[in-house]
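Novice: A single structure is presented below for examination.
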Amino acid sequence: MSKINSHKKELSPKQREELVAVLKTRFEKNRNRHPGVDWAGVQAKLEANREKLWSLNEMERTGGEPDVVGHDKKTGEYIFYDCSAESPKDRRSLCYDRQALQARKENKPKDSVIDAAAAMGIELLSEEQYRELQKLGNFDTKTSSWLKTPADIRKHGGAIFGDHRYGTVFLYHNGADSYYAARGFRGSLRV
């Protein structure tokens, strides 16, 4: 995915400043996503976790529009999800995992969602997280997003994805080696 600073996973001071400004603006514009969360606490965590800031930049750079969706009071971590209206544009047309990618005989996609997420330092959203996200707005009304697939489904060659249509969140299955221009993936990151 990213070639920019991907070898050291650190942003320049200017990149950090620009990203924090973007995240702060989004945070303030979408207060419904994080009631009771104070930006000062989020910013302090971001400034203390440069590698996590790099991962947030990867989420932003690929079209994810990351935003705070929760605060874990036990660990003190802030939880970010990709909150772009549609599946992040630069993370589409990928099959589910490396096994699926290697199984394709022809027309292989450029990568898999599991490998791309790992390279970005983020986790794929689970079904539960995806449903939580959908309570914050209508996401994936024209696209769909691969979701973390339970091992018992994956061992049979499948993977799951979700979208939002007709006022309802739908979960579906597909062969893990399939890929579509309108299906990407959303991630989460704890900072």
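Naming works like this for the structure tokens: A, B, ... for the chains as they're shown, residue 1 at the start of each chain, ligands 1 onward in shown order.
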Fewer than 3 positions away in the same chain doesn't count, so skip those; otherwise give me all residues within 10 Å of Thr75 (chain A), counting only C-alpha atoms, as a VMD selection string.

Specialist: chain A and resid 71 to 72 78 190 to 191

Novice: With C-alpha atoms retained, write the just-selected residues as a short mmCIF file (atom, residue, chain, number, x, y, z; two decimals), in the first residue's frame.

Specialist:
```
data_model
loop_
_atom_site.label_atom_id
_atom_site.label_comp_id
_atom_site.auth_asym_id
_atom_site.auth_seq_id
_atom_site.Cartn_x
_atom_site.Cartn_y
_atom_site.Cartn_z
CA HIS A 71 -12.71 5.49 24.92
CA ASP A 72 -11.69 2.38 26.85
CA TYR A 78 -9.06 5.93 22.41
CA ARG A 190 -6.50 1.80 19.63
CA VAL A 191 -4.30 4.70 20.72
#
```

Novice: Using only C-alpha atoms, can you tell me which of A:Ser178, A:Thr168, A:Ser188, A:Ser145 comes closest to Asp67 (chain A)?

Specialist: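 Distance minimum relative to Asp67 (chain A) lands on A:Ser188.
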
Novice: Per DSSP on the backbone, what are the alpha helix (DSSP H) residues of region 29-81 of chain A, as a list in words?

Specialist: Lys29, Trp39, Ala40, Gly41, Val42, Gln43, Ala44, Lys45, Leu46, Glu47, Ala48, Arg50, Glu51, Lys52, Leu53, Trp54, Ser55, Leu56, Asn57, Glu58, Met59, Glu60 and Arg61 of chain A

Novice: Please determine, counting only C-alpha atoms, which residue among A:Arg33, A:Lys108, A:Lys135, A:His173 has the shortest atom-to-atom distance to Leu94 (chain A).

Specialist: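 Once distances to Leu94 (chain A) are computed over only C-alpha atoms, the minimum belongs to A:Lys108.
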
Novice: Find the residue from A:Ala118, A:Cys83, A:Leu189, A:Leu125 that sits nearest to Phe161 (chain A); use only C-alpha atoms when measuring.

Specialist: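 Ranking A:Ala118, A:Cys83, A:Leu189, A:Leu125 by distance to Phe161 (chain A), first place goes to A:Leu125.
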
Novice: Give me, as a ChimeraX atom specification, all polymer residues having an atom no more than 8 Å from Met120 (chain A), counting only C-alpha atoms and skipping those fewer than 6 positions away in the same chain.

Specialist: /A:55,58-59

Novice: Restricting the output to N, CA and C atoms, write the selected residues as a tab-separated table (two decimals), in the first residue's frame.

Specialist:
```tsv
chain	number	residue	atom	x	y	z
A	55	SER	N	0.01	5.03	11.66
A	55	SER	CA	-1.10	4.17	11.21
A	55	SER	C	-2.34	4.99	10.90
A	58	GLU	N	-1.95	6.47	7.59
A	58	GLU	CA	-2.23	5.50	6.53
A	58	GLU	C	-3.74	5.35	6.33
A	59	MET	N	-4.49	5.34	7.42
A	59	MET	CA	-5.95	5.28	7.32
A	59	MET	C	-6.47	6.50	6.56
```

Novice: Quick one: residues within 9 Å of region 17-25 of chain A, only C-alpha atoms, excluding same-chain residues fewer than 3 positions away - as a PyMOL selection string?

Specialist: chain A and resi 12-14+28-30+39+43+46-47+53+56-57+60+65-68

Novice: Pull N, CA, C and O atoms from the residues just selected and write them as a PDB file, in the first residue's frame.

Specialist:
```pdb
ATOM      1  N   SER A  12       6.999  12.971   9.534  1.00  0.00           N
ATOM      2  CA  SER A  12       7.799  14.159   9.830  1.00  0.00           C
ATOM      3  C   SER A  12       7.000  15.058  10.779  1.00  0.00           C
ATOM      4  O   SER A  12       5.774  14.911  10.894  1.00  0.00           O
ATOM      5  N   PRO A  13       7.658  15.982  11.460  1.00  0.00           N
ATOM      6  CA  PRO A  13       6.910  16.894  12.338  1.00  0.00           C
ATOM      7  C   PRO A  13       5.785  17.623  11.598  1.00  0.00           C
ATOM      8  O   PRO A  13       4.687  17.781  12.138  1.00  0.00           O
ATOM      9  N   LYS A  14       6.040  18.043  10.373  1.00  0.00           N
ATOM     10  CA  LYS A  14       5.005  18.744   9.590  1.00  0.00           C
ATOM     11  C   LYS A  14       3.837  17.808   9.293  1.00  0.00           C
ATOM     12  O   LYS A  14       2.670  18.201   9.405  1.00  0.00           O
ATOM     13  N   GLU A  28     -14.235  17.448  16.055  1.00  0.00           N
ATOM     14  CA  GLU A  28     -15.158  18.513  16.452  1.00  0.00           C
ATOM     15  C   GLU A  28     -16.412  18.544  15.593  1.00  0.00           C
ATOM     16  O   GLU A  28     -17.494  18.857  16.079  1.00  0.00           O
ATOM     17  N   LYS A  29     -16.291  18.197  14.337  1.00  0.00           N
ATOM     18  CA  LYS A  29     -17.432  18.207  13.413  1.00  0.00           C
ATOM     19  C   LYS A  29     -18.401  17.047  13.680  1.00  0.00           C
ATOM     20  O   LYS A  29     -19.583  17.137  13.368  1.00  0.00           O
ATOM     21  N   ASN A  30     -17.908  15.970  14.264  1.00  0.00           N
ATOM     22  CA  ASN A  30     -18.709  14.744  14.443  1.00  0.00           C
ATOM     23  C   ASN A  30     -18.778  14.336  15.910  1.00  0.00           C
ATOM     24  O   ASN A  30     -18.519  13.187  16.254  1.00  0.00           O
ATOM     25  N   TRP A  39     -11.058  16.336  23.422  1.00  0.00           N
ATOM     26  CA  TRP A  39      -9.979  16.320  22.434  1.00  0.00           C
ATOM     27  C   TRP A  39      -8.596  16.393  23.080  1.00  0.00           C
ATOM     28  O   TRP A  39      -7.647  15.767  22.600  1.00  0.00           O
ATOM     29  N   GLN A  43      -5.475  14.157  21.885  1.00  0.00           N
ATOM     30  CA  GLN A  43      -4.254  14.738  21.330  1.00  0.00           C
ATOM     31  C   GLN A  43      -3.021  14.323  22.132  1.00  0.00           C
ATOM     32  O   GLN A  43      -1.975  14.018  21.555  1.00  0.00           O
ATOM     33  N   LEU A  46      -2.121  10.871  21.068  1.00  0.00           N
ATOM     34  CA  LEU A  46      -1.557  10.878  19.716  1.00  0.00           C
ATOM     35  C   LEU A  46      -0.104  11.322  19.736  1.00  0.00           C
ATOM     36  O   LEU A  46       0.754  10.703  19.106  1.00  0.00           O
ATOM     37  N   GLU A  47       0.178  12.376  20.468  1.00  0.00           N
ATOM     38  CA  GLU A  47       1.536  12.904  20.519  1.00  0.00           C
ATOM     39  C   GLU A  47       2.501  11.950  21.208  1.00  0.00           C
ATOM     40  O   GLU A  47       3.698  11.956  20.923  1.00  0.00           O
ATOM     41  N   LEU A  53       0.250   7.197  15.258  1.00  0.00           N
ATOM     42  CA  LEU A  53      -0.054   8.345  14.410  1.00  0.00           C
ATOM     43  C   LEU A  53       0.255   8.004  12.955  1.00  0.00           C
ATOM     44  O   LEU A  53      -0.486   8.384  12.052  1.00  0.00           O
ATOM     45  N   LEU A  56      -2.636   5.988  11.736  1.00  0.00           N
ATOM     46  CA  LEU A  56      -3.774   6.868  11.457  1.00  0.00           C
ATOM     47  C   LEU A  56      -3.575   7.616  10.143  1.00  0.00           C
ATOM     48  O   LEU A  56      -4.517   7.826   9.387  1.00  0.00           O
ATOM     49  N   ASN A  57      -2.334   7.998   9.869  1.00  0.00           N
ATOM     50  CA  ASN A  57      -2.049   8.667   8.601  1.00  0.00           C
ATOM     51  C   ASN A  57      -2.304   7.724   7.421  1.00  0.00           C
ATOM     52  O   ASN A  57      -2.817   8.149   6.385  1.00  0.00           O
ATOM     53  N   GLU A  60      -5.950   7.659   6.896  1.00  0.00           N
ATOM     54  CA  GLU A  60      -6.368   8.909   6.245  1.00  0.00           C
ATOM     55  C   GLU A  60      -5.952   8.927   4.782  1.00  0.00           C
ATOM     56  O   GLU A  60      -6.745   9.249   3.898  1.00  0.00           O
ATOM     57  N   GLU A  65     -10.784   8.293   6.525  1.00  0.00           N
ATOM     58  CA  GLU A  65     -11.324   9.341   7.397  1.00  0.00           C
ATOM     59  C   GLU A  65     -11.488   8.856   8.843  1.00  0.00           C
ATOM     60  O   GLU A  65     -12.580   8.839   9.399  1.00  0.00           O
ATOM     61  N   PRO A  66     -10.386   8.463   9.499  1.00  0.00           N
ATOM     62  CA  PRO A  66     -10.481   7.938  10.867  1.00  0.00           C
ATOM     63  C   PRO A  66     -10.998   8.974  11.860  1.00  0.00           C
ATOM     64  O   PRO A  66     -10.692  10.158  11.742  1.00  0.00           O
ATOM     65  N   ASP A  67     -11.784   8.485  12.812  1.00  0.00           N
ATOM     66  CA  ASP A  67     -12.314   9.345  13.864  1.00  0.00           C
ATOM     67  C   ASP A  67     -12.455   8.520  15.135  1.00  0.00           C
ATOM     68  O   ASP A  67     -12.575   7.290  15.089  1.00  0.00           O
ATOM     69  N   VAL A  68     -12.475   9.200  16.267  1.00  0.00           N
ATOM     70  CA  VAL A  68     -12.656   8.559  17.565  1.00  0.00           C
ATOM     71  C   VAL A  68     -14.106   8.083  17.678  1.00  0.00           C
ATOM     72  O   VAL A  68     -15.032   8.851  17.422  1.00  0.00           O
TER      73      VAL A  68
END
```

Novice: Quick check, in Å to one decimal: how far apart do CA of Arg91 (chain A) and CA of Asp115 (chain A) lie?

Specialist: 11.4 Å

Novice: Name all residues at most 7 Å from Thr62 (chain A) (count only C-alpha atoms; drop same-chain ones fewer than 6 positions away) and give them as a list in words.

Specialist: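 Returned residues: Pro88, Lys89, Asp90 and Arg91 of chain A.
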
Novice: Could you pull the residues within 12 Å of Arg154 (chain A), counting only C-alpha atoms, minus those fewer than 3 positions along the same chain, as a list in words?

Specialist: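 Close residues of Arg154 (chain A): Tyr96, Asp97, Gln99, Ala100, Leu147, Lys148, Thr149, Pro150, Ala151, Gly157, Gly158, Ala159, Ile160, His173, Asn174, Gly175, Ala176 and Asp177 of chain A.
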
Novice: Under the rule that only C-alpha atoms are counted, which of A:Ser93, A:Gly121, A:Lys105, A:Glu86 is the nearest residue to Gln134 (chain A)?

Specialist: A:Glu86

Novice: What does the distance from CA of Leu133 (chain A) to CA of Ile79 (chain A) come to in Å, to one decimal?

Specialist: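 Value for the CA of Leu133 (chain A)-CA of Ile79 (chain A) distance: 11.5 Å.
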
Novice: Just list the residues in region 51-134 of chain A DSSP gives strand (DSSP E or B) on the backbone, as a PDB file with N, CA and C atoms, in the first residue's frame.

Specialist:
```
ATOM      1  N   PRO A  66     -10.386   8.463   9.499  1.00  0.00           N
ATOM      2  CA  PRO A  66     -10.481   7.938  10.867  1.00  0.00           C
ATOM      3  C   PRO A  66     -10.998   8.974  11.860  1.00  0.00           C
ATOM      4  N   ASP A  67     -11.784   8.485  12.812  1.00  0.00           N
ATOM      5  CA  ASP A  67     -12.314   9.345  13.864  1.00  0.00           C
ATOM      6  C   ASP A  67     -12.455   8.520  15.135  1.00  0.00           C
ATOM      7  N   VAL A  68     -12.475   9.200  16.267  1.00  0.00           N
ATOM      8  CA  VAL A  68     -12.656   8.559  17.565  1.00  0.00           C
ATOM      9  C   VAL A  68     -14.106   8.083  17.678  1.00  0.00           C
ATOM     10  N   VAL A  69     -14.275   6.819  18.059  1.00  0.00           N
ATOM     11  CA  VAL A  69     -15.623   6.272  18.258  1.00  0.00           C
ATOM     12  C   VAL A  69     -15.815   5.743  19.672  1.00  0.00           C
ATOM     13  N   GLY A  70     -14.772   5.829  20.490  1.00  0.00           N
ATOM     14  CA  GLY A  70     -14.912   5.349  21.855  1.00  0.00           C
ATOM     15  C   GLY A  70     -13.659   5.579  22.676  1.00  0.00           C
ATOM     16  N   HIS A  71     -13.817   5.361  23.983  1.00  0.00           N
ATOM     17  CA  HIS A  71     -12.706   5.488  24.918  1.00  0.00           C
ATOM     18  C   HIS A  71     -12.791   4.322  25.898  1.00  0.00           C
ATOM     19  N   TYR A  78      -7.999   5.402  23.264  1.00  0.00           N
ATOM     20  CA  TYR A  78      -9.058   5.930  22.406  1.00  0.00           C
ATOM     21  C   TYR A  78      -9.170   5.008  21.207  1.00  0.00           C
ATOM     22  N   ILE A  79     -10.401   4.765  20.775  1.00  0.00           N
ATOM     23  CA  ILE A  79     -10.659   3.826  19.688  1.00  0.00           C
ATOM     24  C   ILE A  79     -11.050   4.610  18.441  1.00  0.00           C
ATOM     25  N   PHE A  80     -10.290   4.399  17.382  1.00  0.00           N
ATOM     26  CA  PHE A  80     -10.550   5.027  16.084  1.00  0.00           C
ATOM     27  C   PHE A  80     -11.088   3.972  15.122  1.00  0.00           C
ATOM     28  N   TYR A  81     -12.076   4.353  14.317  1.00  0.00           N
ATOM     29  CA  TYR A  81     -12.568   3.540  13.200  1.00  0.00           C
ATOM     30  C   TYR A  81     -12.465   4.391  11.939  1.00  0.00           C
ATOM     31  N   ASP A  82     -12.396   3.719  10.797  1.00  0.00           N
ATOM     32  CA  ASP A  82     -12.549   4.418   9.526  1.00  0.00           C
ATOM     33  C   ASP A  82     -14.007   4.862   9.438  1.00  0.00           C
ATOM     34  N   CYS A  95      -8.803  -9.071  -2.361  1.00  0.00           N
ATOM     35  CA  CYS A  95      -9.412 -10.288  -1.821  1.00  0.00           C
ATOM     36  C   CYS A  95      -9.185 -10.323  -0.310  1.00  0.00           C
ATOM     37  N   SER A 112      -4.257  -8.324  -0.400  1.00  0.00           N
ATOM     38  CA  SER A 112      -5.394  -8.827   0.374  1.00  0.00           C
ATOM     39  C   SER A 112      -5.671  -7.857   1.513  1.00  0.00           C
ATOM     40  N   GLU A 123      -6.414  -3.045  12.658  1.00  0.00           N
ATOM     41  CA  GLU A 123      -7.196  -4.273  12.685  1.00  0.00           C
ATOM     42  C   GLU A 123      -8.418  -4.114  11.790  1.00  0.00           C
ATOM     43  N   LEU A 124      -8.790  -5.173  11.126  1.00  0.00           N
ATOM     44  CA  LEU A 124     -10.030  -5.189  10.345  1.00  0.00           C
ATOM     45  C   LEU A 124     -11.206  -5.126  11.306  1.00  0.00           C
TER      46      LEU A 124
END
```

Novice: Could you check which of A:Gly64, A:Gly76, A:Gly187, A:Gly162 is closest to Lys45 (chain A), using only C-alpha atoms?

Specialist: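 With only C-alpha atoms as the atom set, the closest residue is A:Gly76.
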
Novice: For a test of reading the model, state the distance in Å between CA of Lys9 (chain A) and CA of Arg61 (chain A), rounded to one decimal.

Specialist: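 Straight-line distance from CA of Lys9 (chain A) to CA of Arg61 (chain A) works out to 13.7 Å.
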